[in-house]
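Peer 1: Structure file my_file29.tsv, TSV, C-alpha atoms and all ligand atoms, is pasted below:
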```tsv
chain	number	residue	atom	x	y	z
A	160	MET	CA	111.59	69.80	104.73
A	161	PRO	CA	110.52	71.48	107.97
A	162	ASN	CA	112.40	74.65	108.89
A	163	ASP	CA	112.36	77.03	111.87
A	164	ILE	CA	109.42	79.04	110.54
A	165	THR	CA	107.23	76.07	109.59
A	166	ARG	CA	108.00	74.46	112.96
A	167	LEU	CA	106.98	77.69	114.72
A	168	LEU	CA	103.72	77.87	112.75
A	169	GLN	CA	102.92	74.21	113.29
A	170	SER	CA	103.47	74.46	117.04
A	171	HIS	CA	100.75	77.11	117.46
A	172	ARG	CA	98.36	77.00	120.37
A	173	SER	CA	96.40	79.84	121.95
A	174	ILE	CA	97.95	80.89	125.26
A	175	ARG	CA	95.59	82.03	128.01
A	176	LYS	CA	97.86	81.92	131.10
A	177	TYR	CA	100.78	84.30	131.54
A	178	THR	CA	103.71	84.82	133.87
A	179	GLU	CA	104.04	88.11	135.78
A	180	ASP	CA	106.76	89.26	133.36
A	181	SER	CA	106.08	92.37	131.36
A	182	ILE	CA	106.92	92.66	127.68
A	183	PRO	CA	109.96	94.92	127.11
A	184	ASP	CA	109.08	98.02	125.06
A	185	ASN	CA	111.71	97.35	122.40
A	186	ILE	CA	110.31	93.84	121.82
A	187	LEU	CA	106.74	95.11	121.64
A	188	LYS	CA	107.81	97.81	119.20
A	189	ASN	CA	109.49	95.29	116.94
A	190	ILE	CA	106.51	92.93	117.09
A	191	LEU	CA	104.08	95.72	116.18
A	192	SER	CA	106.30	96.81	113.32
A	193	CYS	CA	105.71	93.31	111.88
A	194	ALA	CA	101.97	94.14	111.72
A	195	GLN	CA	102.85	96.89	109.29
A	196	TRP	CA	104.71	94.54	106.97
A	197	ALA	CA	101.67	92.42	106.26
A	198	PRO	CA	100.40	92.65	102.69
A	199	SER	CA	97.41	94.93	102.25
A	200	SER	CA	94.61	95.02	99.71
A	201	HIS	CA	95.35	97.93	97.32
A	202	ASN	CA	97.84	99.02	99.99
A	203	VAL	CA	94.96	100.65	101.89
A	204	GLN	CA	96.57	99.55	105.19
A	205	ALA	CA	93.07	99.76	106.61
A	206	TYR	CA	93.74	98.76	110.20
A	207	SER	CA	94.88	100.20	113.50
A	208	VAL	CA	96.12	98.58	116.68
A	209	ILE	CA	95.37	100.01	120.12
A	210	ILE	CA	97.71	98.93	122.93
A	211	VAL	CA	95.90	98.53	126.25
A	212	ARG	CA	97.93	98.17	129.46
A	213	ASN	CA	95.58	99.89	131.91
A	214	THR	CA	94.09	97.34	134.28
A	215	LYS	CA	90.79	99.19	134.69
A	216	VAL	CA	90.29	99.29	130.93
A	217	LYS	CA	91.24	95.62	130.63
A	218	GLU	CA	88.69	94.82	133.34
A	219	GLN	CA	85.96	96.52	131.32
A	220	LEU	CA	87.07	94.78	128.13
A	221	SER	CA	87.10	91.45	129.97
A	222	GLU	CA	83.53	92.06	131.09
A	223	ILE	CA	82.50	92.67	127.48
A	224	CYS	CA	84.23	89.36	126.64
A	225	LYS	CA	81.93	87.58	129.13
A	226	SER	CA	84.56	87.77	131.90
A	227	GLN	CA	87.33	85.92	130.09
A	228	LYS	CA	89.98	86.53	132.74
A	229	TRP	CA	93.03	86.32	130.48
A	230	VAL	CA	92.06	89.78	129.14
A	231	ILE	CA	92.93	91.20	132.58
A	232	GLU	CA	95.84	88.87	133.35
A	233	CYS	CA	97.83	89.46	130.15
A	234	PRO	CA	100.39	92.28	130.39
A	235	ILE	CA	99.37	93.67	126.99
A	236	PHE	CA	95.97	93.60	125.35
A	237	LEU	CA	95.83	94.72	121.73
A	238	VAL	CA	92.65	95.85	120.02
A	239	PHE	CA	92.72	95.39	116.24
A	240	CYS	CA	90.43	97.66	114.24
A	241	ALA	CA	89.47	97.94	110.59
A	242	ASP	CA	90.28	101.58	109.94
A	243	TYR	CA	88.95	103.86	107.21
A	244	TYR	CA	89.43	107.06	109.23
A	245	ARG	CA	92.79	107.78	107.58
A	246	LEU	CA	91.20	107.28	104.15
A	247	LYS	CA	88.49	109.76	105.12
A	248	LEU	CA	91.29	112.26	105.83
A	249	THR	CA	92.71	111.68	102.33
A	250	THR	CA	89.32	112.50	100.79
A	251	ASP	CA	89.13	115.64	102.93
A	252	MET	CA	92.62	116.61	101.75
A	253	TYR	CA	91.60	116.44	98.10
A	254	SER	CA	87.85	117.12	98.38
A	255	THR	CA	86.87	113.80	96.81
A	256	ASN	CA	83.96	111.43	97.50
A	257	PHE	CA	84.17	109.04	100.41
A	258	GLU	CA	82.50	105.79	99.31
A	259	ILE	CA	82.98	103.06	101.90
A	260	ASP	CA	79.45	101.78	102.18
A	261	GLU	CA	79.84	98.43	100.45
A	262	VAL	CA	80.35	95.10	102.22
A	263	GLU	CA	83.54	94.96	100.11
A	264	ASN	CA	84.98	97.78	102.23
A	265	LEU	CA	84.39	95.91	105.46
A	266	LEU	CA	85.91	92.77	103.98
A	267	VAL	CA	89.00	94.63	102.77
A	268	GLY	CA	89.45	96.16	106.21
A	269	ALA	CA	88.81	92.86	107.99
A	270	VAL	CA	91.27	90.93	105.83
A	271	ASP	CA	93.96	93.62	106.22
A	272	THR	CA	93.42	93.64	109.98
A	273	ALA	CA	93.58	89.85	110.30
A	274	LEU	CA	96.80	89.65	108.26
A	275	ALA	CA	98.43	92.32	110.43
A	276	ALA	CA	97.26	90.57	113.60
A	277	GLU	CA	98.55	87.16	112.65
A	278	ASN	CA	101.93	88.75	111.84
A	279	VAL	CA	101.90	90.17	115.37
A	280	LEU	CA	101.15	86.81	116.95
A	281	ILE	CA	103.85	85.03	114.95
A	282	ALA	CA	106.40	87.75	115.67
A	283	ALA	CA	105.46	87.59	119.37
A	284	ARG	CA	105.96	83.84	119.39
A	285	SER	CA	109.40	84.25	117.85
A	286	TYR	CA	110.33	86.10	121.10
A	287	GLY	CA	108.91	83.32	123.29
A	288	LEU	CA	105.65	85.16	123.92
A	289	GLY	CA	102.22	83.64	123.46
A	290	GLY	CA	98.75	84.97	122.94
A	291	VAL	CA	95.15	84.48	122.02
A	292	PHE	CA	92.81	86.37	119.71
A	293	MET	CA	89.70	87.75	121.42
A	294	GLY	CA	86.59	88.00	119.27
A	295	GLY	CA	84.65	88.51	122.50
A	296	ILE	CA	85.06	92.29	122.21
A	297	ARG	CA	82.41	92.21	119.45
A	298	ASN	CA	79.82	91.32	122.11
A	299	ASP	CA	79.44	95.05	122.69
A	300	LEU	CA	81.19	97.13	120.06
A	301	ASP	CA	79.48	100.36	121.09
A	302	THR	CA	81.05	100.18	124.56
A	303	VAL	CA	84.48	99.25	123.18
A	304	ILE	CA	84.28	102.23	120.81
A	305	LYS	CA	83.40	104.59	123.65
A	306	LEU	CA	85.96	103.15	126.05
A	307	LEU	CA	88.86	103.48	123.60
A	308	ASN	CA	87.79	106.78	122.05
A	309	ILE	CA	87.53	105.18	118.61
A	310	PRO	CA	86.44	107.60	115.87
A	311	LYS	CA	83.90	107.07	113.09
A	312	TYR	CA	84.96	104.83	110.17
A	313	VAL	CA	86.95	102.63	112.57
A	314	VAL	CA	85.54	99.25	113.62
A	315	PRO	CA	87.19	97.20	116.37
A	316	LEU	CA	87.18	93.60	115.15
A	317	PHE	CA	89.00	91.55	117.76
A	318	GLY	CA	91.53	91.78	120.54
A	319	MET	CA	94.68	89.88	121.33
A	320	CYS	CA	96.12	88.98	124.73
A	321	LEU	CA	99.91	88.81	124.74
A	322	GLY	CA	102.33	87.68	127.44
A	323	TYR	CA	104.93	85.12	128.40
A	324	PRO	CA	103.25	81.69	128.64
A	325	ALA	CA	102.79	80.30	132.14
A	326	ASP	CA	101.23	77.16	130.76
A	327	ILE	CA	101.56	75.54	127.35
A	328	PRO	CA	98.32	73.69	126.61
A	329	TRP	CA	98.00	70.67	124.39
A	330	GLN	CA	97.71	71.43	120.74
A	331	LYS	CA	94.14	71.38	119.49
A	332	PRO	CA	93.91	68.92	116.61
A	333	ARG	CA	93.00	70.44	113.25
A	334	LEU	CA	90.76	69.14	110.49
A	335	PRO	CA	92.49	66.54	108.32
A	336	GLY	CA	94.28	68.19	105.39
A	337	GLY	CA	91.99	66.33	102.98
A	338	ALA	CA	88.97	68.23	104.32
A	339	VAL	CA	90.60	71.62	103.79
A	340	ILE	CA	93.06	71.41	100.90
A	341	HIS	CA	91.63	70.69	97.44
A	342	ASN	CA	93.52	69.85	94.29
A	343	GLU	CA	92.46	71.90	91.25
A	344	THR	CA	88.73	71.89	92.06
A	345	TYR	CA	86.70	71.72	95.26
A	346	LYS	CA	86.14	68.04	96.19
A	347	ILE	CA	83.08	67.21	98.27
A	348	ASP	CA	83.16	63.41	97.94
A	349	GLN	CA	85.53	62.68	100.83
A	350	LEU	CA	84.30	65.37	103.18
A	351	LEU	CA	81.82	63.36	105.24
A	352	PHE	CA	84.35	60.59	105.72
A	353	GLU	CA	87.00	63.12	106.80
A	354	LEU	CA	84.56	64.84	109.18
A	355	GLU	CA	83.57	61.56	110.82
A	356	GLY	CA	87.23	60.81	111.47
A	357	TYR	CA	87.79	64.30	112.88
A	358	GLU	CA	84.77	63.97	115.18
A	359	GLN	CA	86.49	61.00	116.84
A	360	ILE	CA	89.91	62.67	117.07
A	361	SER	CA	88.55	65.98	118.39
A	362	ALA	CA	86.11	64.33	120.84
A	363	ASP	CA	89.01	62.32	122.22
A	364	TYR	CA	91.07	65.52	122.59
A	365	TYR	CA	88.30	67.42	124.43
A	366	ASN	CA	87.50	64.41	126.60
A	367	ARG	CA	91.14	64.07	127.73
A	368	ARG	CA	91.75	67.82	128.06
A	369	THR	CA	88.67	68.38	130.24
A	370	ASN	CA	88.87	65.11	132.21
A	371	GLY	CA	85.60	63.97	130.69
A	372	ARG	CA	83.64	67.22	131.14
A	373	LYS	CA	83.43	67.86	127.41
A	374	THR	CA	82.96	64.79	125.29
A	375	ILE	CA	81.58	66.02	121.98
A	376	GLY	CA	83.86	66.62	119.04
A	377	TRP	CA	84.18	69.31	116.41
A	378	THR	CA	81.28	68.38	114.11
A	379	LYS	CA	78.77	68.36	116.97
A	380	GLN	CA	80.16	71.64	118.33
A	381	MET	CA	80.02	73.30	114.92
A	382	ALA	CA	76.48	72.07	114.19
A	383	LYS	CA	75.46	73.82	117.41
A	384	TYR	CA	77.60	76.90	116.64
A	385	VAL	CA	75.76	77.60	113.40
A	386	SER	CA	72.31	76.61	114.67
A	387	GLU	CA	71.51	80.02	116.11
A	388	PRO	CA	72.20	83.69	115.35
A	389	ARG	CA	75.42	84.94	116.93
A	390	ASN	CA	75.51	88.69	117.24
A	391	GLN	CA	72.47	90.56	116.07
A	392	LYS	CA	73.65	93.92	117.43
A	393	LEU	CA	76.84	93.93	115.38
A	394	LYS	CA	75.46	95.19	112.06
A	395	LYS	CA	73.91	98.20	113.75
A	396	SER	CA	77.21	99.08	115.47
A	397	ILE	CA	79.16	98.82	112.20
A	398	ILE	CA	76.62	100.99	110.37
A	399	LYS	CA	76.84	103.53	113.19
A	400	GLN	CA	80.60	103.70	112.57
A	401	GLY	CA	79.89	104.80	108.99
A	402	ILE	CA	80.05	101.66	106.85
A	403	GLN	CA	76.51	101.00	105.59
A	404	LEU	CA	77.15	97.36	104.46
A	405	LYS	CA	75.35	97.78	101.14
B	501	LIG	C1	89.23	85.99	115.42
B	501	LIG	C2	89.38	85.06	116.60
B	501	LIG	C3	88.65	85.29	117.75
B	501	LIG	C4	88.83	84.48	118.88
B	501	LIG	N1	88.17	84.79	120.04
B	501	LIG	C5	88.45	84.11	121.17
B	501	LIG	C6	87.87	84.51	122.41
B	501	LIG	O1	87.07	85.45	122.49
B	501	LIG	N2	88.23	83.82	123.52
B	501	LIG	C7	89.13	82.78	123.47
B	501	LIG	O2	89.43	82.22	124.54
B	501	LIG	N3	89.66	82.37	122.31
B	501	LIG	C8	89.36	83.01	121.16
B	501	LIG	N4	89.94	82.64	119.98
B	501	LIG	C9	90.89	81.51	119.96
B	501	LIG	C10	90.26	80.29	119.33
B	501	LIG	O3	89.31	79.74	120.22
B	501	LIG	C11	91.36	79.28	119.01
B	501	LIG	O4	92.26	79.85	118.09
B	501	LIG	C12	90.80	77.99	118.43
B	501	LIG	O5	89.96	77.34	119.36
B	501	LIG	C13	91.92	77.02	118.06
B	501	LIG	O6	92.72	76.75	119.18
B	501	LIG	P1	94.28	77.06	119.18
B	501	LIG	O7	94.45	78.49	118.75
B	501	LIG	O8	94.76	76.83	120.59
B	501	LIG	O9	94.91	76.12	118.22
B	501	LIG	C14	89.73	83.39	118.83
B	501	LIG	C15	90.44	83.14	117.65
B	501	LIG	C16	90.26	83.95	116.55
B	501	LIG	C17	91.07	83.69	115.30
```
Would you encode the structure as structure tokens?
Peer 2:
Amino acid sequence: MPNDITRLLQSHRSIRKYTEDSIPDNILKNILSCAQWAPSSHNVQAYSVIIVRNTKVKEQLSEICKSQKWVIECPIFLVFCADYYRLKLTTDMYSTNFEIDEVENLLVGAVDTALAAENVLIAARSYGLGGVFMGGIRNDLDTVIKLLNIPKYVVPLFGMCLGYPADIPWQKPRLPGGAVIHNETYKIDQLLFELEGYEQISADYYNRRTNGRKTIGWTKQMAKYVSEPRNQKLKKSIIKQGIQLK
């Protein structure tokens, strides 16, 4: 049986156009408090959120995101970071080792951060706001780190534009459930069939949404997406922040 929460989740779409309305402080505060109620691996709570309102800073962040203009146009831009700086302070307090060099540490921080961020987006939507995640900030982490005065052991992972929707786009069709949900064991037999069906559905969606400018569907887009390296500077920036990725 659908309920208010499942209906909210199933009506998701990323919002990239906003009205001029600002987000009241008490609403923003309540939304951000929801970030803190996300579950957390080992309760490390290894994330931080930086609220950016300053237009000049948003302009620079937008540039890093290859000029995605919604970064400037949204009233609030949030930067979500995996954060081990507080844990460093705990080791200083008790003079213990600080061992965060494994890939595991980055994964723990990234999962914690993503859970907190999705809570924020859902809470925002419950107030009639909309938003979009912005992975584009990873195009130049070093500059983001400098711009926002981010200390060592903290890695900005993605941003989020938030605001009141000025335009509600069509919902982007998802993979068929059969390609994503497996019963008991992972089933590969049906996958090609499911993907062929999704290629048609998604190509049709892009074709209609772009008035024929984009006609390829999800499988063709994804084959291209994984056909080349994405961000070869990233590892260096993360290591510079103090996680060696061993
Ligand atoms: C971690 C993450 C990073 C994203 N980065 C961007 C981005 O840089 N720019 C953008 O316009 N959308 C970005 N998106 C939004 C996705 O493109 C979007 O969620 C996806 O295409 C599905 O569309 P929908 O959210 O409207 O259903 C990002 C989403 C996630 C989860």
Peer 1: Calculated over only C-alpha atoms and all ligand atoms, which of the candidates A:Tyr365, A:Trp229, A:Phe352, A:Tyr312 has the smallest distance to ligand LIG 501 (chain B)?
Peer 2: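 Ranked by minimum distance to ligand LIG 501 (chain B), first place goes to A:Trp229.
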Peer 1: May I have the residues within 7 Å of ligand LIG 501 (chain B), computed using all atoms listed in the file, as a VMD selection string?
Peer 2: chain A and resid 171 to 174 224 227 291 to 295 317 330 to 331
Peer 1: Taking a cut-off of 10 Å and counting all atoms listed in the file, can you build a table that, for each residue of range 249-366 of chain A near range 212-220 of chain A, reports the nearest atom pair and how far apart they are in Å (one decimal), sorted by chain then residue number, as a Markdown table?
Peer 2:
```
| residue | atom | partner | partner_atom | distance |
| --- | --- | --- | --- | --- |
| A:Gly295 | CA | A:Leu220 | CA | 8.8 |
| A:Ile296 | CA | A:Leu220 | CA | 6.7 |
| A:Asp299 | CA | A:Leu220 | CA | 9.4 |
| A:Thr302 | CA | A:Leu220 | CA | 8.8 |
| A:Val303 | CA | A:Leu220 | CA | 7.2 |
| A:Leu306 | CA | A:Val216 | CA | 7.6 |
| A:Leu307 | CA | A:Val216 | CA | 8.6 |
| A:Gly318 | CA | A:Leu220 | CA | 9.3 |
```
Peer 1: Next, write the just-selected residues to a file, as an mmCIF file, keeping the file's coordinate frame, keeping C-alpha atoms as the atom set.
Peer 2:
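To be explicit, this is the file written out as out.cif:
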```cif
data_model
loop_
_atom_site.group_PDB
_atom_site.id
_atom_site.type_symbol
_atom_site.label_atom_id
_atom_site.label_comp_id
_atom_site.auth_asym_id
_atom_site.auth_seq_id
_atom_site.Cartn_x
_atom_site.Cartn_y
_atom_site.Cartn_z
ATOM 1 C CA GLY A 295 84.650 88.510 122.500
ATOM 2 C CA ILE A 296 85.060 92.290 122.210
ATOM 3 C CA ASP A 299 79.440 95.050 122.690
ATOM 4 C CA THR A 302 81.050 100.180 124.560
ATOM 5 C CA VAL A 303 84.480 99.250 123.180
ATOM 6 C CA LEU A 306 85.960 103.150 126.050
ATOM 7 C CA LEU A 307 88.860 103.480 123.600
ATOM 8 C CA GLY A 318 91.530 91.780 120.540
#
```
Peer 1: Give me the residues within 10 Å of Arg245 in chain A as a ChimeraX atom specification, counting all atoms listed in the file and dropping any in the same chain fewer than 3 places off.
Peer 2: /A:203-207,242,248-251,312-313
Peer 1: Expressed in Å to a single decimal, how great is the separation between CA of Pro328 in chain A and CA of Lys379 in chain A?
Peer 2: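 Between CA of Pro328 in chain A and CA of Lys379 in chain A the gap works out to 22.4 Å.
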Peer 1: Using Å and a single decimal, report how far CA of Cys320 in chain A sits from CA of Ser226 in chain A.
Peer 2: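 Separation of CA of Ser226 in chain A and CA of Cys320 in chain A: 13.7 Å.
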Peer 1: Report, in Å to a single decimal, how far apart CA of Asn202 in chain A and CA of Asp271 in chain A are.
Peer 2: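 We find that CA of Asp271 in chain A and CA of Asn202 in chain A lie 9.1 Å from each other.
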Peer 1: Every residue with an atom at most 10 Å from (109.3, 85.0, 126.5) (file coordinates; only C-alpha atoms) is what I'm after, so could you write them as a list in words?
Peer 2: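 Protein, DNA and RNA residues close to (109.3, 85.0, 126.5): Tyr177, Thr178, Asp180, Ser181, Ile182, Pro183, Ala283, Arg284, Ser285, Tyr286, Gly287, Leu288, Gly289, Gly322, Tyr323, Pro324 and Ala325 of chain A.
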Peer 1: Of the residues A:Lys395, A:Lys311, A:Asn370, A:Ile186, which is the one nearest to Leu246 in chain A, using only C-alpha atoms?
Peer 2: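 Distance minimum relative to Leu246 in chain A lands on A:Lys311.
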Peer 1: Pick out the residues sitting within 6 Å of Ala362 in chain A, and hand them over as a ChimeraX atom specification; count all atoms listed in the file, and ignore anything fewer than 3 positions along from it in its own chain.
Peer 2: /A:358-359,365-366,374-376
Peer 1: Deliver the residues from the most recent selection as a file, using C-alpha atoms, as a compact mmCIF listing (two decimals), keeping the file's coordinate frame.
Peer 2:
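The resulting again10.txt:
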```txt
# COMPACT_ATOMS: atom_id res chain seq x y z
CA GLU A 358 84.77 63.97 115.18
CA GLN A 359 86.49 61.00 116.84
CA TYR A 365 88.30 67.42 124.43
CA ASN A 366 87.50 64.41 126.60
CA THR A 374 82.96 64.79 125.29
CA ILE A 375 81.58 66.02 121.98
CA GLY A 376 83.86 66.62 119.04
```
Peer 1: Just checking: using only C-alpha atoms, which residue out of A:Ser199, A:Lys373, A:Met319, A:Gly336 ends up closest to Leu280 in chain A?
Peer 2: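 The answer is A:Met319, which sits nearest to Leu280 in chain A.
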